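Below is one structure, written out as structure tokens; comments come after it.
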Amino acid sequence: MPKGQITDGLRFGRFPITAVQPVVEGGKFPAKALPGEGIVVGATSFREGHDQLGVSAVLLDPSGAERQRVRLAPPRGERGMGTDRWEGVLTPSETGNWSFVIEAWHDRYGTWHHNAEVKIAAGIDVELMLAEGAALLREASAEDFRSDWDKGVLRDAAGKLADQSLSTEERLGAGFGHDVAGVVAHQPIRELVTVSEKYPLLVERDRAGRGSWYEFFPRSEGAVKDHNTGAWTSGNFRTAARRLDAVAGMGFDVIYMPPIHPIGVQHRKGPNNTLVAGPHDPGSPWAIGAAEGGHDAIHPDLGSFEDFDAFVARANELGLEVALDLALQAAPDHPWVAAHPEWFTTRVDGSIAYAENPPKKYQDIYPLNFDNDPEGLSNEILRIVLLWVSHGVKIFRVDNPHTKPVWFWEWLIAEVNKSVPGVVFLAEAFTRPAMMHALGRAGFQQSYTYFTWRNTKKEIEEYFHEVSHESPAYFRPNFFVNTPDILTEYLQYGGPAAFKVKAVLASTASPLWGVYAGYELYEHVARPGAEEYIDNEKFEYKARDWDAAAESGRTLAPFITRLNHLRRDHPALQDLQNLTVHQSTDDSTVVYSKHKTLADGSKDTLIVVVNVDPHVTKECSVALDLAALELDPQDITPGGGFYVDDLISGESWEWGEFNYVRLDPHVEPAHILSVRRMPQ
Ligand SMILES: O=P(O)(O)O[C@H]1O[C@H](CO)[C@@H](O[C@H]2O[C@H](CO)[C@@H](O)[C@H](O)[C@H]2O)[C@H](O)[C@H]1O
């Protein structure tokens with residue numbers, strides 16, 4: 001029988017431990033984590049009476065060995081509010097199935113310290129309190145797990161506490177000394193330890209949660225138009241590979257391509273989403289499948305498997321991972337349609353309804369039906385995914401996963417990773433939060449988000465808080481600034497400043513961000529009445545003159561390059577949960593910080609200030625929550641402030657709690673300030 005408890009089998013232990021986080025569906029699914037990522041761990045724990053409670057979180061590696069133990073404290077902002085909430089940060093170091101537990105315990109030293117302070121000041125039980133302190137420290141000095149040095153510190157203090165030849169102040173001073181505080185902070189004097197259940201933490205490889213994505217259509221790179229006939233010669237993997245140097249040069253690390261398979265002929269779409277294609281129109285790459293093959297084939301215009309392998313190899317040489325689109329649907333001429341009619345929903349008249357994602361209509365594709373032959377269809381898809389994995393693809397961007405059953409994704413992602421660990425899936429599910437979150441729980445490592453449509457200060461602050469503090473255990477946001485489908489009004493009408501604003505927000509707030517080609521050229525003209533690019537590359541070739549843009553200087557590429565380099569250089573930008581929103585007096589100036597303490601104890605802190613009004617210069621005062629920046633005494637200037645260096649403009653300032661800011665969107669709409677830390 002554990003000390004202090006009648007029996008096991010009760011649901012509460014000696015001290016209640018409730019509302020533990022991160023816990024997904026009661027621990028049915030693991031919480032997400034990355035190597036070296038700070039994971040915020042919390043619990044509500046409390047006790048009867050007035051004695052002090054200590055709460056710790058303990059991190060266990062895949063073998064079950066203890067790898068980290070941190071004492072939890074009331075969350076900033078809740079201190080002294082009596083919420084009984086405790087929080088701290090655990091940092092797993094490698095991939096694997098980790099876990100953690102919460103421990104709550106009677107804090108013997110804290111309890112004695114508090115009572116002694118109050119009673120001795122009031123002249124109550126003075127000798128008794130000193131004697132109790134001496135006995136406590138003497139007992140602790142005999143605990144086996146303590147070092148000889150610590151034992152000595154506790155023994156000396158116990159001796160002084162008991163030494164009646166000393167004054168009360170001297171005796172108490174010994175019991176309250178910094179050295180004793182240091183020893184018990186490191187290894188508390190604990191009793192009645194209550195241990196929670198074990199909660200799973202899945203630590204996946206870096207690219208599962210960190211990365212800078214660049215999307216492009218390989219058929220456009222190197223495509224040439226015959227101006228006499230109007231016909232194009234498609235680009236291919238060999239010509240597209242020539243663009244990879246520039247993409248890697250901008251600091252991206254994932255190159256994502258829309259589907260590369262044969263494109264259906266029946267119901268092929270023409271330019272600007274029209275329903276009739278001309279003889280030279282290449283069709284939408286998402287209309288997968290034709291006489292040449294389906295999801296396991298390569299569009300003949302793009303090349304052979306050998307060409308694809310060479311493309312992957314070149315990308316890898318440049319530090320880029322290739323991400324492929326997994327769009328589970330079929331053009332009417334896909335081989336599946338004839339061979340497996342049971343994989344589709346056939347109506348009474350024998351026809352198959354085309355796919356939709358209301359209000360969008362996809363007249364050139366059929367949706368799959370997973371209910372008639374779940375096993376056959378699932379195994380075929382697994383075969384296809386593993387085929388591409390065998391060609392070096394370990395990242396998939398999944399088109400519309402919310403139109404397929406969630407169980408299928410849970411199965412597929414687990415099966416693929418059982419065969420080849422480390423395969424990453426990005427969910428392109430723009431739908432209701434319940435489904436988006438369920439897909440994350442089912443195993444999708446990352447997800448597209450609503451970021452593109454969050455433009456006002458209030459929207460951005462709320463969304464950043466939500467993705468960094470409310471849902472990170474199961475939903476990792478990939479902040480794409482645009483996609484071939486999404487050209488928001490903000491970008492259509494915001495001018496170049498809008499492009500900078502979105503790029504700064506996306507690349508600094510989330511460890512995952514993405515850009516679709518043409519963003520760096522400020523492409524911003526939409527098809528009338530749509531939120532999509534005019535003359536969209538989804539339906540036609542688009543040859544861009546990158547060199548002319550670079551020569552004229554009308555390109556955001558250098559700015560994007562700078563952002564990606566900052567992301568690599570600053571560990572604080574590689575974590576998701578370390579974002580704190582700060583206040584400003586202007587309704588367009590968004591302020592947040594990203595702060596991280598590294599394994600060696602050093603700290604990396606960035607403060608991002610963005611004027612999200614791309615048209616108007618804003619002046620305001622920024623009020624910082626200084627506790628979130630964890631400034632060390634040596635970082636404080638003689639004036640009581642601290643120095644910040646703007647990583648965009650190169651300027652430096654002395655900042656404090658309240659700071660004047662002026663951001664002219666036509667010059668630079670943002671500061672990315674690095675807090676200057678003095679060597680320890
Ligand atoms: O439905 P979403 O808005 O999430 O968009 C994704 O899926 C679409 C269907 O695959 C895809 O749409 C494109 O391909 C369709 C099939 O060829 C075509 O009918 C659409 O007109 C075209 O936009 C979209 O690109 C993808 O991001």
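Following the order of the structure tokens, chains are lettered A, B, ..., residues in each are numbered from 1, and ligands are numbered from 1.
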
Per residue of chain A within 8 Å of ligand 1, which atom pair is closest and at what distance in Å (one decimal), using only C-alpha atoms and all ligand atoms, listed by chain and increasing number, as JSON lines?
```
{"residue": "A:Arg268", "atom": "CA", "partner": "ligand 1", "partner_atom_place_in_ligand_line": "17 (O)", "distance": 7.7}
{"residue": "A:Lys269", "atom": "CA", "partner": "ligand 1", "partner_atom_place_in_ligand_line": "19 (O)", "distance": 6.9}
{"residue": "A:Asn273", "atom": "CA", "partner": "ligand 1", "partner_atom_place_in_ligand_line": "21 (O)", "distance": 5.4}
{"residue": "A:Gly283", "atom": "CA", "partner": "ligand 1", "partner_atom_place_in_ligand_line": "17 (O)", "distance": 7.2}
{"residue": "A:Ser284", "atom": "CA", "partner": "ligand 1", "partner_atom_place_in_ligand_line": "17 (O)", "distance": 4.4}
{"residue": "A:Pro285", "atom": "CA", "partner": "ligand 1", "partner_atom_place_in_ligand_line": "17 (O)", "distance": 6.0}
{"residue": "A:Trp286", "atom": "CA", "partner": "ligand 1", "partner_atom_place_in_ligand_line": "17 (O)", "distance": 4.0}
{"residue": "A:Ala287", "atom": "CA", "partner": "ligand 1", "partner_atom_place_in_ligand_line": "17 (O)", "distance": 3.7}
{"residue": "A:Ile288", "atom": "CA", "partner": "ligand 1", "partner_atom_place_in_ligand_line": "17 (O)", "distance": 7.2}
{"residue": "A:Ala327", "atom": "CA", "partner": "ligand 1", "partner_atom_place_in_ligand_line": "10 (O)", "distance": 6.2}
{"residue": "A:Gln329", "atom": "CA", "partner": "ligand 1", "partner_atom_place_in_ligand_line": "10 (O)", "distance": 7.4}
{"residue": "A:Ala331", "atom": "CA", "partner": "ligand 1", "partner_atom_place_in_ligand_line": "17 (O)", "distance": 7.7}
{"residue": "A:Ala355", "atom": "CA", "partner": "ligand 1", "partner_atom_place_in_ligand_line": "9 (C)", "distance": 7.8}
{"residue": "A:Glu356", "atom": "CA", "partner": "ligand 1", "partner_atom_place_in_ligand_line": "1 (O)", "distance": 7.3}
{"residue": "A:Asn357", "atom": "CA", "partner": "ligand 1", "partner_atom_place_in_ligand_line": "1 (O)", "distance": 5.1}
{"residue": "A:Lys360", "atom": "CA", "partner": "ligand 1", "partner_atom_place_in_ligand_line": "1 (O)", "distance": 6.8}
{"residue": "A:Lys361", "atom": "CA", "partner": "ligand 1", "partner_atom_place_in_ligand_line": "19 (O)", "distance": 6.3}
{"residue": "A:Tyr362", "atom": "CA", "partner": "ligand 1", "partner_atom_place_in_ligand_line": "19 (O)", "distance": 3.4}
{"residue": "A:Gln363", "atom": "CA", "partner": "ligand 1", "partner_atom_place_in_ligand_line": "19 (O)", "distance": 5.6}
{"residue": "A:Asp364", "atom": "CA", "partner": "ligand 1", "partner_atom_place_in_ligand_line": "19 (O)", "distance": 5.3}
{"residue": "A:Ile365", "atom": "CA", "partner": "ligand 1", "partner_atom_place_in_ligand_line": "16 (C)", "distance": 5.6}
{"residue": "A:Asp399", "atom": "CA", "partner": "ligand 1", "partner_atom_place_in_ligand_line": "7 (O)", "distance": 5.4}
{"residue": "A:Asn400", "atom": "CA", "partner": "ligand 1", "partner_atom_place_in_ligand_line": "4 (O)", "distance": 5.1}
{"residue": "A:Glu428", "atom": "CA", "partner": "ligand 1", "partner_atom_place_in_ligand_line": "4 (O)", "distance": 6.1}
{"residue": "A:Ala429", "atom": "CA", "partner": "ligand 1", "partner_atom_place_in_ligand_line": "4 (O)", "distance": 6.2}
{"residue": "A:Phe430", "atom": "CA", "partner": "ligand 1", "partner_atom_place_in_ligand_line": "4 (O)", "distance": 6.0}
{"residue": "A:Thr483", "atom": "CA", "partner": "ligand 1", "partner_atom_place_in_ligand_line": "27 (O)", "distance": 7.5}
{"residue": "A:Pro484", "atom": "CA", "partner": "ligand 1", "partner_atom_place_in_ligand_line": "25 (O)", "distance": 6.6}
{"residue": "A:Asp485", "atom": "CA", "partner": "ligand 1", "partner_atom_place_in_ligand_line": "27 (O)", "distance": 5.8}
{"residue": "A:Lys538", "atom": "CA", "partner": "ligand 1", "partner_atom_place_in_ligand_line": "22 (C)", "distance": 6.3}
{"residue": "A:Phe539", "atom": "CA", "partner": "ligand 1", "partner_atom_place_in_ligand_line": "22 (C)", "distance": 7.7}
```

Mind running range 9-128 of chain A against range 201-224 of chain A at 6 Å and telling me each contacting residue's nearest atom pair with the distance in Å (one decimal), counting only C-alpha atoms, chain and number ascending, as CSV?
```
residue,atom,partner,partner_atom,distance
A:Pro30,CA,A:Leu201,CA,5.0
A:Ala31,CA,A:Leu201,CA,4.8
A:Lys32,CA,A:Leu202,CA,5.3
A:Ala33,CA,A:Val203,CA,4.5
A:Leu34,CA,A:Val203,CA,4.8
A:Thr95,CA,A:Val203,CA,4.6
A:Gly96,CA,A:Val203,CA,5.2
A:Asn97,CA,A:Leu202,CA,4.9
A:Trp98,CA,A:Leu201,CA,4.9
A:Ser99,CA,A:Leu201,CA,5.0
```

Residues flagged strand (DSSP E or B) by DSSP in range 159-336 of chain A, as JSON, numbers by chain: {"A": [190, 191, 192, 193, 194, 195, 199, 200, 201, 202, 203, 211, 212, 213, 214, 215, 224, 225, 232, 233, 254, 255, 256, 257, 263, 270, 274, 288, 290, 293, 321, 322, 323, 324, 325, 326, 329, 330]}

Go ahead and save the residues from that selection, with C-alpha atoms, as an mmCIF file, in the first residue's frame.
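Final file, again12.cif:
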```cif
data_model
loop_
_atom_site.group_PDB
_atom_site.id
_atom_site.type_symbol
_atom_site.label_atom_id
_atom_site.label_comp_id
_atom_site.auth_asym_id
_atom_site.auth_seq_id
_atom_site.Cartn_x
_atom_site.Cartn_y
_atom_site.Cartn_z
ATOM 1 C CA ARG A 190 9.732 14.811 -1.815
ATOM 2 C CA GLU A 191 7.192 12.590 -0.136
ATOM 3 C CA LEU A 192 3.869 11.004 -1.144
ATOM 4 C CA VAL A 193 4.808 11.024 -4.833
ATOM 5 C CA THR A 194 1.779 10.503 -7.076
ATOM 6 C CA VAL A 195 2.506 9.446 -10.653
ATOM 7 C CA TYR A 199 1.121 9.609 -22.113
ATOM 8 C CA PRO A 200 2.502 8.943 -25.616
ATOM 9 C CA LEU A 201 4.609 11.411 -27.559
ATOM 10 C CA LEU A 202 5.529 10.576 -31.146
ATOM 11 C CA VAL A 203 8.766 12.266 -32.140
ATOM 12 C CA GLY A 211 10.494 22.978 -43.645
ATOM 13 C CA SER A 212 10.214 25.664 -46.288
ATOM 14 C CA TRP A 213 8.181 24.432 -49.238
ATOM 15 C CA TYR A 214 8.253 25.623 -52.825
ATOM 16 C CA GLU A 215 5.584 24.473 -55.283
ATOM 17 C CA VAL A 224 8.373 26.742 -75.100
ATOM 18 C CA LYS A 225 5.583 28.294 -77.127
ATOM 19 C CA TRP A 232 3.603 24.571 -76.547
ATOM 20 C CA THR A 233 6.356 22.096 -76.059
ATOM 21 C CA VAL A 254 11.084 20.934 -50.004
ATOM 22 C CA ILE A 255 10.174 21.077 -53.688
ATOM 23 C CA TYR A 256 6.545 20.086 -54.215
ATOM 24 C CA MET A 257 5.073 19.145 -57.570
ATOM 25 C CA ILE A 263 -3.780 13.485 -67.709
ATOM 26 C CA GLY A 270 -9.329 24.255 -70.894
ATOM 27 C CA THR A 274 -13.382 26.269 -68.982
ATOM 28 C CA ILE A 288 -5.143 11.765 -63.246
ATOM 29 C CA ALA A 290 -5.259 8.206 -69.328
ATOM 30 C CA GLY A 293 -1.528 4.854 -67.197
ATOM 31 C CA GLU A 321 13.412 16.893 -50.660
ATOM 32 C CA VAL A 322 10.850 16.137 -53.338
ATOM 33 C CA ALA A 323 7.183 16.147 -52.306
ATOM 34 C CA LEU A 324 4.643 14.562 -54.632
ATOM 35 C CA ASP A 325 0.939 15.129 -54.855
ATOM 36 C CA LEU A 326 -1.288 12.239 -53.848
ATOM 37 C CA GLN A 329 -9.368 10.468 -57.861
ATOM 38 C CA ALA A 330 -9.519 9.420 -61.483
#
```

Of the candidates A:Ala57, A:Leu172, A:Met436, A:Ala231, which shows the shortest atom-to-atom distance to Trp112 in chain A, using only C-alpha atoms?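 Under the stated criterion, the closest residue is A:Leu172.
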
List every residue of range 304-391 of chain A that DSSP, applied to the backbone of this structure, places in alpha helix (DSSP H), and write the result as number ranges by chain. A: 305-317, 335-339, 374-390

Keeping only N, CA, C and O atoms, write the selected residues to a file as a compact mmCIF listing (two decimals), in the first residue's frame.
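Here's the written file part04.txt:
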```txt
# COMPACT_ATOMS: atom_id res chain seq x y z
N PHE A 305 10.83 7.23 -65.84
CA PHE A 305 11.22 7.05 -64.43
C PHE A 305 12.69 7.40 -64.22
O PHE A 305 13.07 7.92 -63.18
N GLU A 306 13.47 7.13 -65.23
CA GLU A 306 14.90 7.45 -65.14
C GLU A 306 15.07 8.98 -64.99
O GLU A 306 15.86 9.46 -64.17
N ASP A 307 14.30 9.71 -65.78
CA ASP A 307 14.37 11.19 -65.70
C ASP A 307 13.89 11.65 -64.32
O ASP A 307 14.45 12.58 -63.74
N PHE A 308 12.83 10.99 -63.85
CA PHE A 308 12.32 11.36 -62.53
C PHE A 308 13.39 11.11 -61.46
O PHE A 308 13.65 11.97 -60.60
N ASP A 309 14.02 9.95 -61.53
CA ASP A 309 15.06 9.62 -60.54
C ASP A 309 16.19 10.65 -60.60
O ASP A 309 16.73 11.05 -59.56
N ALA A 310 16.52 11.06 -61.81
CA ALA A 310 17.61 12.05 -61.95
C ALA A 310 17.17 13.38 -61.32
O ALA A 310 17.97 14.08 -60.67
N PHE A 311 15.90 13.71 -61.49
CA PHE A 311 15.37 14.96 -60.90
C PHE A 311 15.47 14.88 -59.37
O PHE A 311 15.93 15.81 -58.71
N VAL A 312 15.05 13.75 -58.83
CA VAL A 312 15.09 13.57 -57.36
C VAL A 312 16.54 13.66 -56.87
O VAL A 312 16.82 14.32 -55.87
N ALA A 313 17.41 13.01 -57.61
CA ALA A 313 18.82 13.00 -57.20
C ALA A 313 19.38 14.42 -57.20
O ALA A 313 20.09 14.82 -56.26
N ARG A 314 19.07 15.17 -58.23
CA ARG A 314 19.57 16.56 -58.31
C ARG A 314 19.00 17.40 -57.16
O ARG A 314 19.71 18.18 -56.52
N ALA A 315 17.71 17.21 -56.90
CA ALA A 315 17.08 17.95 -55.80
C ALA A 315 17.80 17.62 -54.48
O ALA A 315 18.18 18.52 -53.72
N ASN A 316 18.00 16.34 -54.26
CA ASN A 316 18.66 15.92 -53.01
C ASN A 316 20.07 16.50 -52.90
O ASN A 316 20.49 16.93 -51.83
N GLU A 317 20.77 16.51 -54.04
CA GLU A 317 22.13 17.09 -54.03
C GLU A 317 22.11 18.52 -53.53
O GLU A 317 23.02 18.99 -52.88
N PRO A 335 -7.17 3.98 -66.01
CA PRO A 335 -7.35 2.52 -66.10
C PRO A 335 -8.24 1.94 -65.00
O PRO A 335 -8.92 0.94 -65.22
N TRP A 336 -8.27 2.57 -63.83
CA TRP A 336 -9.12 2.05 -62.75
C TRP A 336 -10.61 2.02 -63.13
O TRP A 336 -11.35 1.16 -62.67
N VAL A 337 -11.02 2.99 -63.95
CA VAL A 337 -12.46 3.13 -64.20
C VAL A 337 -12.99 1.87 -64.90
O VAL A 337 -14.05 1.34 -64.52
N ALA A 338 -12.22 1.35 -65.87
CA ALA A 338 -12.67 0.15 -66.56
C ALA A 338 -12.38 -1.10 -65.72
O ALA A 338 -13.20 -2.01 -65.63
N ALA A 339 -11.23 -1.12 -65.09
CA ALA A 339 -10.81 -2.34 -64.38
C ALA A 339 -11.52 -2.52 -63.03
O ALA A 339 -11.70 -3.64 -62.57
N PRO A 374 -13.08 -1.84 -49.74
CA PRO A 374 -12.08 -1.08 -48.98
C PRO A 374 -10.69 -1.69 -49.04
O PRO A 374 -9.70 -0.99 -49.21
N GLU A 375 -10.67 -3.02 -48.97
CA GLU A 375 -9.36 -3.67 -48.94
C GLU A 375 -8.63 -3.55 -50.28
O GLU A 375 -7.44 -3.18 -50.32
N GLY A 376 -9.37 -3.83 -51.36
CA GLY A 376 -8.75 -3.79 -52.69
C GLY A 376 -8.24 -2.40 -53.01
O GLY A 376 -7.09 -2.23 -53.44
N LEU A 377 -9.06 -1.42 -52.77
CA LEU A 377 -8.67 -0.04 -53.10
C LEU A 377 -7.52 0.43 -52.20
O LEU A 377 -6.55 1.03 -52.67
N SER A 378 -7.63 0.13 -50.92
CA SER A 378 -6.58 0.57 -49.99
C SER A 378 -5.24 -0.05 -50.35
O SER A 378 -4.20 0.62 -50.35
N ASN A 379 -5.26 -1.33 -50.68
CA ASN A 379 -3.99 -1.99 -51.00
C ASN A 379 -3.39 -1.44 -52.29
O ASN A 379 -2.17 -1.32 -52.42
N GLU A 380 -4.25 -1.07 -53.23
CA GLU A 380 -3.75 -0.48 -54.48
C GLU A 380 -3.08 0.88 -54.19
O GLU A 380 -2.03 1.19 -54.72
N ILE A 381 -3.71 1.63 -53.31
CA ILE A 381 -3.12 2.95 -52.99
C ILE A 381 -1.81 2.77 -52.22
O ILE A 381 -0.83 3.47 -52.48
N LEU A 382 -1.80 1.81 -51.33
CA LEU A 382 -0.55 1.54 -50.59
C LEU A 382 0.56 1.16 -51.58
O LEU A 382 1.70 1.64 -51.47
N ARG A 383 0.21 0.32 -52.54
CA ARG A 383 1.20 -0.08 -53.55
C ARG A 383 1.76 1.15 -54.27
O ARG A 383 2.97 1.28 -54.47
N ILE A 384 0.84 2.04 -54.62
CA ILE A 384 1.26 3.23 -55.37
C ILE A 384 2.17 4.12 -54.53
O ILE A 384 3.22 4.59 -54.98
N VAL A 385 1.77 4.33 -53.28
CA VAL A 385 2.59 5.20 -52.43
C VAL A 385 3.98 4.59 -52.25
O VAL A 385 5.01 5.28 -52.38
N LEU A 386 4.02 3.28 -52.03
CA LEU A 386 5.32 2.66 -51.82
C LEU A 386 6.17 2.66 -53.10
O LEU A 386 7.40 2.71 -53.04
N LEU A 387 5.48 2.65 -54.24
CA LEU A 387 6.22 2.74 -55.50
C LEU A 387 6.99 4.07 -55.55
O LEU A 387 8.19 4.12 -55.85
N TRP A 388 6.28 5.16 -55.22
CA TRP A 388 6.95 6.47 -55.28
C TRP A 388 7.99 6.61 -54.17
O TRP A 388 9.04 7.23 -54.37
N VAL A 389 7.71 5.97 -53.03
CA VAL A 389 8.71 5.98 -51.96
C VAL A 389 9.98 5.30 -52.46
O VAL A 389 11.10 5.77 -52.21
N SER A 390 9.79 4.22 -53.24
CA SER A 390 10.98 3.51 -53.74
C SER A 390 11.74 4.36 -54.76
O SER A 390 12.89 4.07 -55.08
```

Please list as an MDAnalysis selection string every residue within 9 Å of Arg544 in chain A, counting only C-alpha atoms and excluding residues in the same chain fewer than 2 positions away. chainID A and resid 220:221 518 542 546:547 549

From the list A:Val515, A:Gly36, A:Ala503, A:Phe475, which residue is nearest Ala572 in chain A when using only C-alpha atoms?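 Answer, going by the shortest atom-to-atom distance: A:Gly36.
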
Leaving out Thr488 in chain A and any residue of its chain fewer than 5 positions from it, which residues lie within 12 Å of it when counting only C-alpha atoms, given as a ChimeraX atom specification? /A:450-455,480-483,493-494,498-499,502,523-527,529-533

Quick one: everything within 7 Å of range 598-608 of chain A, counting only C-alpha atoms, minus sequence neighbours fewer than 4 positions away in the same chain. Send it as an MDAnalysis selection string. chainID A and resid 570:572 591:594 629 671:675

Give me, as an mmCIF file with N, CA, C and O atoms, in the first residue's frame, all polymer residues having an atom no more than 6 Å from Val101 in chain A, counting only C-alpha atoms and skipping those fewer than 3 positions away in the same chain.
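And here is the file that came out, part_16.cif:
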```
data_model
loop_
_atom_site.group_PDB
_atom_site.id
_atom_site.type_symbol
_atom_site.label_atom_id
_atom_site.label_comp_id
_atom_site.auth_asym_id
_atom_site.auth_seq_id
_atom_site.Cartn_x
_atom_site.Cartn_y
_atom_site.Cartn_z
ATOM 1 N N ALA A 57 7.293 17.110 -14.518
ATOM 2 C CA ALA A 57 7.026 16.297 -15.714
ATOM 3 C C ALA A 57 8.287 15.499 -15.995
ATOM 4 O O ALA A 57 9.404 16.019 -15.866
ATOM 5 N N VAL A 58 8.105 14.256 -16.356
ATOM 6 C CA VAL A 58 9.256 13.377 -16.587
ATOM 7 C C VAL A 58 9.144 12.807 -17.992
ATOM 8 O O VAL A 58 8.112 12.236 -18.368
ATOM 9 N N SER A 196 1.188 10.084 -12.577
ATOM 10 C CA SER A 196 0.045 9.985 -13.512
ATOM 11 C C SER A 196 0.212 8.765 -14.408
ATOM 12 O O SER A 196 1.237 8.083 -14.374
ATOM 13 N N LYS A 198 0.969 7.124 -18.124
ATOM 14 C CA LYS A 198 2.018 7.468 -19.091
ATOM 15 C C LYS A 198 1.325 7.946 -20.369
ATOM 16 O O LYS A 198 0.388 7.294 -20.840
#
```
